[in-house]
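Below is one structure, written out as structure tokens; the observations come after it.
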Amino acid sequence: MTELFQYEFMVHAFQAGTIIAIVAGAIGYFVVLRGSAFAAHALSHIGFAGATGAVVLSLNPILGLLAFTMGAGVAIGALGNRLRSRDVTIGIVLAWMLGLGVLFISLYRGYATEAYALLFGQILGISATDVTVTLVAGIVTLVAIIAIYRPLLFSSVDEDLAAAKGVPVTALSIAFMAILAVAVTEAVQVVGVLLIFALIVTPAAIAVRFTSRPALAIAYGICLALAFTWLGLAIAYYSPHPVSFFITSLAFFTYVGVRLSEPLRNRLSRRSAIAAAAG
């Protein structure tokens with residue numbers, strides 16, 4: 001562990017990765033609960049077009065990424081349940097946005113390293129300033145989630161009942177998607193646009209298979225996201241391969257292992273229940 005932290009770039013990578021993993025693990029639970037995994041994927045692709053557009057204009061690609069994801073998040077949030085019936089349309093828009101991003105890169109006459117890095121992550125290139133910005137964005141995101149936690153949970157479980165009780169479900173949907181846009185912008189620095197599921201969706205998808213209690217599921221999701229990020233960074237330090245490959249591989253094989261072990265865990269649970277009833 002001492003060897004890992006002897007270089008400043010690794011310290012920055014662990015700092016930023018920790019912040020992003022906590023945010024991704026927290027918001028990922030609501031992404032899974034609300035069935036918004038496709039929306040998270042959509043935001044990342046739309047954000048890529050914004051990032052490459054910013055590069056063409058000689059701006060920070062993160063600013064373009066955030067601007068596009070925020071705008072798309074508000075639009076998707078306003079659609080609410082109608083989003084589920086428009087997946088084909090949104091899929092077509094995503095393909096066009098990715099193509100638009102490629103066009104912007106081709107128009108750029110310089111070396112668009114930052115824009116390309118956003119496709120697969122650039123956590124080992126994060127500076128001290130980037131860590132500070134990530135920390136501020138992470139705190140804002142977590143505070144926002146805490147502020148709307150109860151009504152968001154209510155509307156995520158039963159949107160019709162929440163609306164009948166006077167909960168502003170459309171406003172909550174827009175607010176949640178705006179928060180998700182910030183989280184996606186942060187997570188892109190670690191795993192990139194194309195691999196965003198690894199940190200935002202997969203840990204939460206694993207967590208909900210072990211508990212139905214929201215707070216516990218969020219805690220599990222955060223712990224898993226941290227584990228994938230820390231292990232991925234540690235392995236990548238001793239390997240020539242990219243960090244995002246190890247993070248996504250750890251997440252994928254953990255999810256597959258959990259799914260394959262479900263029949264065994266169910267049998268053990270039944271036996272325990274029978275033994276408890278017999279005793």
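Residues in the structure tokens are named by chain (A, B, ... in the order shown) and by number from 1 within that chain; ligands are numbered from 1 in the order shown.
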With only C-alpha atoms as the counted atoms, please give the residues lying no more than 12 Å from Leu152 in chain A, apart from itself and same-chain residues fewer than 4 positions off, as an MDAnalysis selection string. chainID A and resid 27 29:31 33:34 144:148 156:159 162:163 167:177 179 214
Of A:Met70, A:Met97, A:Val11, A:Ala78, the one sitting nearest Thr52 in chain A when using only C-alpha atoms is A:Met97
Using the chain letters and numbers from this document, which residues of range 12-251 of chain A does DSSP assign to alpha helix (DSSP H), as a ChimeraX atom specification?
/A:12-33,37-56,61-79,87-107,113-120,128-147,149-157,159-164,169-191,197-200,202-207,214-237,243-251
(message) Set the distance at 8 Å and use only C-alpha atoms: which residues neighbour Ile196 in chain A once local chain neighbours fewer than 6 positions away are removed? I'd like the list as a list in words.
(response)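 That gives Ala40, His41, Ser44, Val184, Ala187 and Val188 of chain A.
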Could you save those same residues with C-alpha atoms as a PDB file, in the first residue's frame?
```pdb
ATOM      1  CA  ALA A  40     -27.909   6.960 -17.161  1.00  0.00           C
ATOM      2  CA  HIS A  41     -26.475   5.373 -20.278  1.00  0.00           C
ATOM      3  CA  SER A  44     -23.230   9.571 -20.791  1.00  0.00           C
ATOM      4  CA  VAL A 184     -22.499  10.803 -14.561  1.00  0.00           C
ATOM      5  CA  ALA A 187     -18.088   8.986 -12.949  1.00  0.00           C
ATOM      6  CA  VAL A 188     -17.013   9.488 -16.558  1.00  0.00           C
TER       7      VAL A 188
END
```
What's around Ala54 in chain A at 12 Å? Count only C-alpha atoms, leave out sequence neighbours fewer than 3 positions away in its own chain, and write the answer as a PDB file with all heavy atoms, in the first residue's frame.
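Contents of result_0.pdb, as written:
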```pdb
ATOM      1  N   GLY A  47     -23.550  13.390 -23.159  1.00  0.00           N
ATOM      2  CA  GLY A  47     -22.474  14.193 -22.594  1.00  0.00           C
ATOM      3  C   GLY A  47     -21.204  14.129 -23.420  1.00  0.00           C
ATOM      4  O   GLY A  47     -20.450  15.114 -23.482  1.00  0.00           O
ATOM      5  N   PHE A  48     -20.952  12.996 -24.064  1.00  0.00           N
ATOM      6  CA  PHE A  48     -19.753  12.882 -24.898  1.00  0.00           C
ATOM      7  C   PHE A  48     -19.778  13.888 -26.040  1.00  0.00           C
ATOM      8  O   PHE A  48     -18.752  14.498 -26.369  1.00  0.00           O
ATOM      9  CB  PHE A  48     -19.626  11.457 -25.449  1.00  0.00           C
ATOM     10  CG  PHE A  48     -18.472  11.279 -26.395  1.00  0.00           C
ATOM     11  CD1 PHE A  48     -17.166  11.326 -25.941  1.00  0.00           C
ATOM     12  CD2 PHE A  48     -18.700  11.070 -27.749  1.00  0.00           C
ATOM     13  CE1 PHE A  48     -16.097  11.163 -26.811  1.00  0.00           C
ATOM     14  CE2 PHE A  48     -17.634  10.910 -28.629  1.00  0.00           C
ATOM     15  CZ  PHE A  48     -16.335  10.957 -28.153  1.00  0.00           C
ATOM     16  N   ALA A  49     -20.949  14.075 -26.634  1.00  0.00           N
ATOM     17  CA  ALA A  49     -21.073  15.074 -27.703  1.00  0.00           C
ATOM     18  C   ALA A  49     -20.770  16.467 -27.158  1.00  0.00           C
ATOM     19  O   ALA A  49     -20.106  17.282 -27.813  1.00  0.00           O
ATOM     20  CB  ALA A  49     -22.479  15.031 -28.302  1.00  0.00           C
ATOM     21  N   GLY A  50     -21.240  16.752 -25.944  1.00  0.00           N
ATOM     22  CA  GLY A  50     -20.952  18.041 -25.323  1.00  0.00           C
ATOM     23  C   GLY A  50     -19.479  18.221 -25.043  1.00  0.00           C
ATOM     24  O   GLY A  50     -18.917  19.313 -25.229  1.00  0.00           O
ATOM     25  N   ALA A  51     -18.814  17.160 -24.590  1.00  0.00           N
ATOM     26  CA  ALA A  51     -17.385  17.235 -24.280  1.00  0.00           C
ATOM     27  C   ALA A  51     -16.565  17.504 -25.527  1.00  0.00           C
ATOM     28  O   ALA A  51     -15.649  18.343 -25.524  1.00  0.00           O
ATOM     29  CB  ALA A  51     -16.930  15.932 -23.621  1.00  0.00           C
ATOM     30  N   LEU A  57     -14.317  24.134 -29.263  1.00  0.00           N
ATOM     31  CA  LEU A  57     -14.390  25.546 -28.879  1.00  0.00           C
ATOM     32  C   LEU A  57     -13.262  25.947 -27.929  1.00  0.00           C
ATOM     33  O   LEU A  57     -13.279  27.047 -27.373  1.00  0.00           O
ATOM     34  CB  LEU A  57     -15.744  25.832 -28.219  1.00  0.00           C
ATOM     35  CG  LEU A  57     -16.988  25.637 -29.110  1.00  0.00           C
ATOM     36  CD1 LEU A  57     -18.252  25.816 -28.294  1.00  0.00           C
ATOM     37  CD2 LEU A  57     -16.953  26.609 -30.287  1.00  0.00           C
ATOM     38  N   SER A  58     -12.303  25.039 -27.728  1.00  0.00           N
ATOM     39  CA  SER A  58     -11.149  25.276 -26.838  1.00  0.00           C
ATOM     40  C   SER A  58     -11.576  25.498 -25.389  1.00  0.00           C
ATOM     41  O   SER A  58     -10.994  26.303 -24.660  1.00  0.00           O
ATOM     42  CB  SER A  58     -10.337  26.490 -27.340  1.00  0.00           C
ATOM     43  OG  SER A  58      -9.838  26.257 -28.639  1.00  0.00           O
ATOM     44  N   LEU A  59     -12.601  24.777 -24.966  1.00  0.00           N
ATOM     45  CA  LEU A  59     -13.076  24.839 -23.584  1.00  0.00           C
ATOM     46  C   LEU A  59     -12.755  23.522 -22.873  1.00  0.00           C
ATOM     47  O   LEU A  59     -12.399  22.529 -23.514  1.00  0.00           O
ATOM     48  CB  LEU A  59     -14.597  25.090 -23.550  1.00  0.00           C
ATOM     49  CG  LEU A  59     -15.092  26.383 -24.196  1.00  0.00           C
ATOM     50  CD1 LEU A  59     -16.616  26.401 -24.221  1.00  0.00           C
ATOM     51  CD2 LEU A  59     -14.563  27.604 -23.451  1.00  0.00           C
ATOM     52  N   ASN A  60     -12.891  23.525 -21.563  1.00  0.00           N
ATOM     53  CA  ASN A  60     -12.692  22.295 -20.794  1.00  0.00           C
ATOM     54  C   ASN A  60     -13.779  21.292 -21.171  1.00  0.00           C
ATOM     55  O   ASN A  60     -14.973  21.616 -21.090  1.00  0.00           O
ATOM     56  CB  ASN A  60     -12.767  22.616 -19.293  1.00  0.00           C
ATOM     57  CG  ASN A  60     -12.356  21.432 -18.434  1.00  0.00           C
ATOM     58  OD1 ASN A  60     -12.669  20.277 -18.743  1.00  0.00           O
ATOM     59  ND2 ASN A  60     -11.666  21.699 -17.355  1.00  0.00           N
ATOM     60  N   PRO A  61     -13.424  20.082 -21.614  1.00  0.00           N
ATOM     61  CA  PRO A  61     -14.442  19.107 -22.026  1.00  0.00           C
ATOM     62  C   PRO A  61     -15.435  18.747 -20.928  1.00  0.00           C
ATOM     63  O   PRO A  61     -16.583  18.403 -21.214  1.00  0.00           O
ATOM     64  CB  PRO A  61     -13.622  17.894 -22.458  1.00  0.00           C
ATOM     65  CG  PRO A  61     -12.273  18.080 -21.859  1.00  0.00           C
ATOM     66  CD  PRO A  61     -12.065  19.546 -21.778  1.00  0.00           C
ATOM     67  N   ILE A  62     -15.008  18.842 -19.656  1.00  0.00           N
ATOM     68  CA  ILE A  62     -15.916  18.533 -18.557  1.00  0.00           C
ATOM     69  C   ILE A  62     -17.085  19.523 -18.519  1.00  0.00           C
ATOM     70  O   ILE A  62     -18.224  19.164 -18.199  1.00  0.00           O
ATOM     71  CB  ILE A  62     -15.166  18.543 -17.209  1.00  0.00           C
ATOM     72  CG1 ILE A  62     -14.161  17.386 -17.166  1.00  0.00           C
ATOM     73  CG2 ILE A  62     -16.147  18.398 -16.036  1.00  0.00           C
ATOM     74  CD1 ILE A  62     -14.772  16.011 -17.222  1.00  0.00           C
ATOM     75  N   LEU A  63     -16.810  20.782 -18.884  1.00  0.00           N
ATOM     76  CA  LEU A  63     -17.876  21.791 -18.913  1.00  0.00           C
ATOM     77  C   LEU A  63     -18.923  21.442 -19.969  1.00  0.00           C
ATOM     78  O   LEU A  63     -20.126  21.548 -19.733  1.00  0.00           O
ATOM     79  CB  LEU A  63     -17.277  23.172 -19.197  1.00  0.00           C
ATOM     80  CG  LEU A  63     -16.349  23.749 -18.126  1.00  0.00           C
ATOM     81  CD1 LEU A  63     -15.798  25.107 -18.572  1.00  0.00           C
ATOM     82  CD2 LEU A  63     -17.095  23.895 -16.799  1.00  0.00           C
ATOM     83  N   GLY A  64     -18.440  21.037 -21.149  1.00  0.00           N
ATOM     84  CA  GLY A  64     -19.370  20.624 -22.195  1.00  0.00           C
ATOM     85  C   GLY A  64     -20.141  19.379 -21.816  1.00  0.00           C
ATOM     86  O   GLY A  64     -21.345  19.265 -22.079  1.00  0.00           O
ATOM     87  N   LEU A  65     -19.449  18.436 -21.184  1.00  0.00           N
ATOM     88  CA  LEU A  65     -20.080  17.205 -20.718  1.00  0.00           C
ATOM     89  C   LEU A  65     -21.193  17.513 -19.732  1.00  0.00           C
ATOM     90  O   LEU A  65     -22.315  16.998 -19.848  1.00  0.00           O
ATOM     91  CB  LEU A  65     -19.034  16.307 -20.071  1.00  0.00           C
ATOM     92  CG  LEU A  65     -19.495  14.981 -19.478  1.00  0.00           C
ATOM     93  CD1 LEU A  65     -19.908  14.021 -20.583  1.00  0.00           C
ATOM     94  CD2 LEU A  65     -18.401  14.348 -18.638  1.00  0.00           C
ATOM     95  N   LEU A  66     -20.907  18.367 -18.750  1.00  0.00           N
ATOM     96  CA  LEU A  66     -21.898  18.712 -17.738  1.00  0.00           C
ATOM     97  C   LEU A  66     -23.077  19.462 -18.351  1.00  0.00           C
ATOM     98  O   LEU A  66     -24.234  19.200 -18.006  1.00  0.00           O
ATOM     99  CB  LEU A  66     -21.250  19.555 -16.645  1.00  0.00           C
ATOM    100  CG  LEU A  66     -22.172  20.011 -15.495  1.00  0.00           C
ATOM    101  CD1 LEU A  66     -22.769  18.793 -14.794  1.00  0.00           C
ATOM    102  CD2 LEU A  66     -21.408  20.875 -14.503  1.00  0.00           C
ATOM    103  N   ALA A  67     -22.807  20.390 -19.265  1.00  0.00           N
ATOM    104  CA  ALA A  67     -23.873  21.179 -19.888  1.00  0.00           C
ATOM    105  C   ALA A  67     -24.848  20.282 -20.653  1.00  0.00           C
ATOM    106  O   ALA A  67     -26.076  20.409 -20.524  1.00  0.00           O
ATOM    107  CB  ALA A  67     -23.278  22.228 -20.817  1.00  0.00           C
ATOM    108  N   PHE A  68     -24.320  19.347 -21.427  1.00  0.00           N
ATOM    109  CA  PHE A  68     -25.175  18.474 -22.227  1.00  0.00           C
ATOM    110  C   PHE A  68     -25.923  17.461 -21.359  1.00  0.00           C
ATOM    111  O   PHE A  68     -27.107  17.189 -21.591  1.00  0.00           O
ATOM    112  CB  PHE A  68     -24.337  17.754 -23.295  1.00  0.00           C
ATOM    113  CG  PHE A  68     -24.244  18.494 -24.596  1.00  0.00           C
ATOM    114  CD1 PHE A  68     -23.779  19.806 -24.626  1.00  0.00           C
ATOM    115  CD2 PHE A  68     -24.600  17.897 -25.798  1.00  0.00           C
ATOM    116  CE1 PHE A  68     -23.683  20.502 -25.825  1.00  0.00           C
ATOM    117  CE2 PHE A  68     -24.507  18.577 -27.002  1.00  0.00           C
ATOM    118  CZ  PHE A  68     -24.043  19.888 -27.014  1.00  0.00           C
ATOM    119  N   GLY A 101     -20.374  13.452 -31.683  1.00  0.00           N
ATOM    120  CA  GLY A 101     -19.115  13.560 -30.954  1.00  0.00           C
ATOM    121  C   GLY A 101     -17.921  13.218 -31.828  1.00  0.00           C
ATOM    122  O   GLY A 101     -16.884  13.893 -31.789  1.00  0.00           O
ATOM    123  N   PHE A 104     -17.234  16.147 -34.100  1.00  0.00           N
ATOM    124  CA  PHE A 104     -16.537  17.241 -33.416  1.00  0.00           C
ATOM    125  C   PHE A 104     -15.036  16.941 -33.284  1.00  0.00           C
ATOM    126  O   PHE A 104     -14.199  17.824 -33.440  1.00  0.00           O
ATOM    127  CB  PHE A 104     -17.147  17.470 -32.032  1.00  0.00           C
ATOM    128  CG  PHE A 104     -18.485  18.174 -32.061  1.00  0.00           C
ATOM    129  CD1 PHE A 104     -19.431  17.916 -31.080  1.00  0.00           C
ATOM    130  CD2 PHE A 104     -18.793  19.076 -33.055  1.00  0.00           C
ATOM    131  CE1 PHE A 104     -20.661  18.569 -31.093  1.00  0.00           C
ATOM    132  CE2 PHE A 104     -20.018  19.727 -33.087  1.00  0.00           C
ATOM    133  CZ  PHE A 104     -20.962  19.463 -32.111  1.00  0.00           C
ATOM    134  N   ILE A 105     -14.726  15.680 -32.987  1.00  0.00           N
ATOM    135  CA  ILE A 105     -13.309  15.301 -32.863  1.00  0.00           C
ATOM    136  C   ILE A 105     -12.595  15.463 -34.206  1.00  0.00           C
ATOM    137  O   ILE A 105     -11.452  15.939 -34.266  1.00  0.00           O
ATOM    138  CB  ILE A 105     -13.177  13.856 -32.352  1.00  0.00           C
ATOM    139  CG1 ILE A 105     -13.593  13.783 -30.880  1.00  0.00           C
ATOM    140  CG2 ILE A 105     -11.749  13.352 -32.511  1.00  0.00           C
ATOM    141  CD1 ILE A 105     -13.536  12.389 -30.298  1.00  0.00           C
ATOM    142  N   LEU A 107     -13.318  17.559 -36.475  1.00  0.00           N
ATOM    143  CA  LEU A 107     -13.195  18.983 -36.781  1.00  0.00           C
ATOM    144  C   LEU A 107     -12.084  19.651 -35.985  1.00  0.00           C
ATOM    145  O   LEU A 107     -11.599  20.726 -36.362  1.00  0.00           O
ATOM    146  CB  LEU A 107     -14.519  19.709 -36.499  1.00  0.00           C
ATOM    147  CG  LEU A 107     -15.702  19.352 -37.401  1.00  0.00           C
ATOM    148  CD1 LEU A 107     -16.970  20.049 -36.918  1.00  0.00           C
ATOM    149  CD2 LEU A 107     -15.415  19.734 -38.850  1.00  0.00           C
ATOM    150  N   TYR A 108     -11.691  19.001 -34.895  1.00  0.00           N
ATOM    151  CA  TYR A 108     -10.649  19.582 -34.048  1.00  0.00           C
ATOM    152  C   TYR A 108      -9.282  19.334 -34.673  1.00  0.00           C
ATOM    153  O   TYR A 108      -8.946  18.199 -35.018  1.00  0.00           O
ATOM    154  CB  TYR A 108     -10.719  18.960 -32.646  1.00  0.00           C
ATOM    155  CG  TYR A 108      -9.734  19.551 -31.662  1.00  0.00           C
ATOM    156  CD1 TYR A 108      -9.828  20.874 -31.268  1.00  0.00           C
ATOM    157  CD2 TYR A 108      -8.700  18.768 -31.139  1.00  0.00           C
ATOM    158  CE1 TYR A 108      -8.927  21.418 -30.363  1.00  0.00           C
ATOM    159  CE2 TYR A 108      -7.799  19.302 -30.225  1.00  0.00           C
ATOM    160  CZ  TYR A 108      -7.915  20.628 -29.852  1.00  0.00           C
ATOM    161  OH  TYR A 108      -7.029  21.163 -28.960  1.00  0.00           O
ATOM    162  N   ALA A 112      -6.843  15.792 -29.542  1.00  0.00           N
ATOM    163  CA  ALA A 112      -7.989  15.764 -28.634  1.00  0.00           C
ATOM    164  C   ALA A 112      -7.885  14.635 -27.614  1.00  0.00           C
ATOM    165  O   ALA A 112      -8.750  13.762 -27.516  1.00  0.00           O
ATOM    166  CB  ALA A 112      -9.285  15.631 -29.430  1.00  0.00           C
ATOM    167  N   GLU A 114      -8.051  14.702 -24.310  1.00  0.00           N
ATOM    168  CA  GLU A 114      -9.038  14.747 -23.223  1.00  0.00           C
ATOM    169  C   GLU A 114     -10.378  14.198 -23.668  1.00  0.00           C
ATOM    170  O   GLU A 114     -11.035  13.472 -22.926  1.00  0.00           O
ATOM    171  CB  GLU A 114      -9.185  16.181 -22.720  1.00  0.00           C
ATOM    172  CG  GLU A 114      -7.988  16.701 -21.944  1.00  0.00           C
ATOM    173  CD  GLU A 114      -8.248  18.094 -21.404  1.00  0.00           C
ATOM    174  OE1 GLU A 114      -8.065  19.049 -22.167  1.00  0.00           O
ATOM    175  OE2 GLU A 114      -8.626  18.223 -20.228  1.00  0.00           O
ATOM    176  N   ALA A 115     -10.807  14.564 -24.871  1.00  0.00           N
ATOM    177  CA  ALA A 115     -12.099  14.076 -25.362  1.00  0.00           C
ATOM    178  C   ALA A 115     -12.084  12.573 -25.575  1.00  0.00           C
ATOM    179  O   ALA A 115     -13.034  11.866 -25.222  1.00  0.00           O
ATOM    180  CB  ALA A 115     -12.456  14.783 -26.672  1.00  0.00           C
TER     181      ALA A 115
END
```
Review point. Which residue, A:Ile123, A:Val182, A:Ile206, A:Ala236, has the smallest gap to Cys223 in chain A when you use only C-alpha atoms?
Key: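 Closest to Cys223 in chain A of all the choices is A:Ile206.
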Nearest to Phe245 in chain A, restricted to only C-alpha atoms and choosing among A:Val258, A:Asn266, A:Thr229, A:Val140, comes out as A:Thr229
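For the pair CA of Leu94 in chain A and CA of Val74 in chain A, the interatomic distance is 15.9 Å.
Of note, CA of Ala75 in chain A and CA of Ile139 in chain A are spaced 24.0 Å apart.
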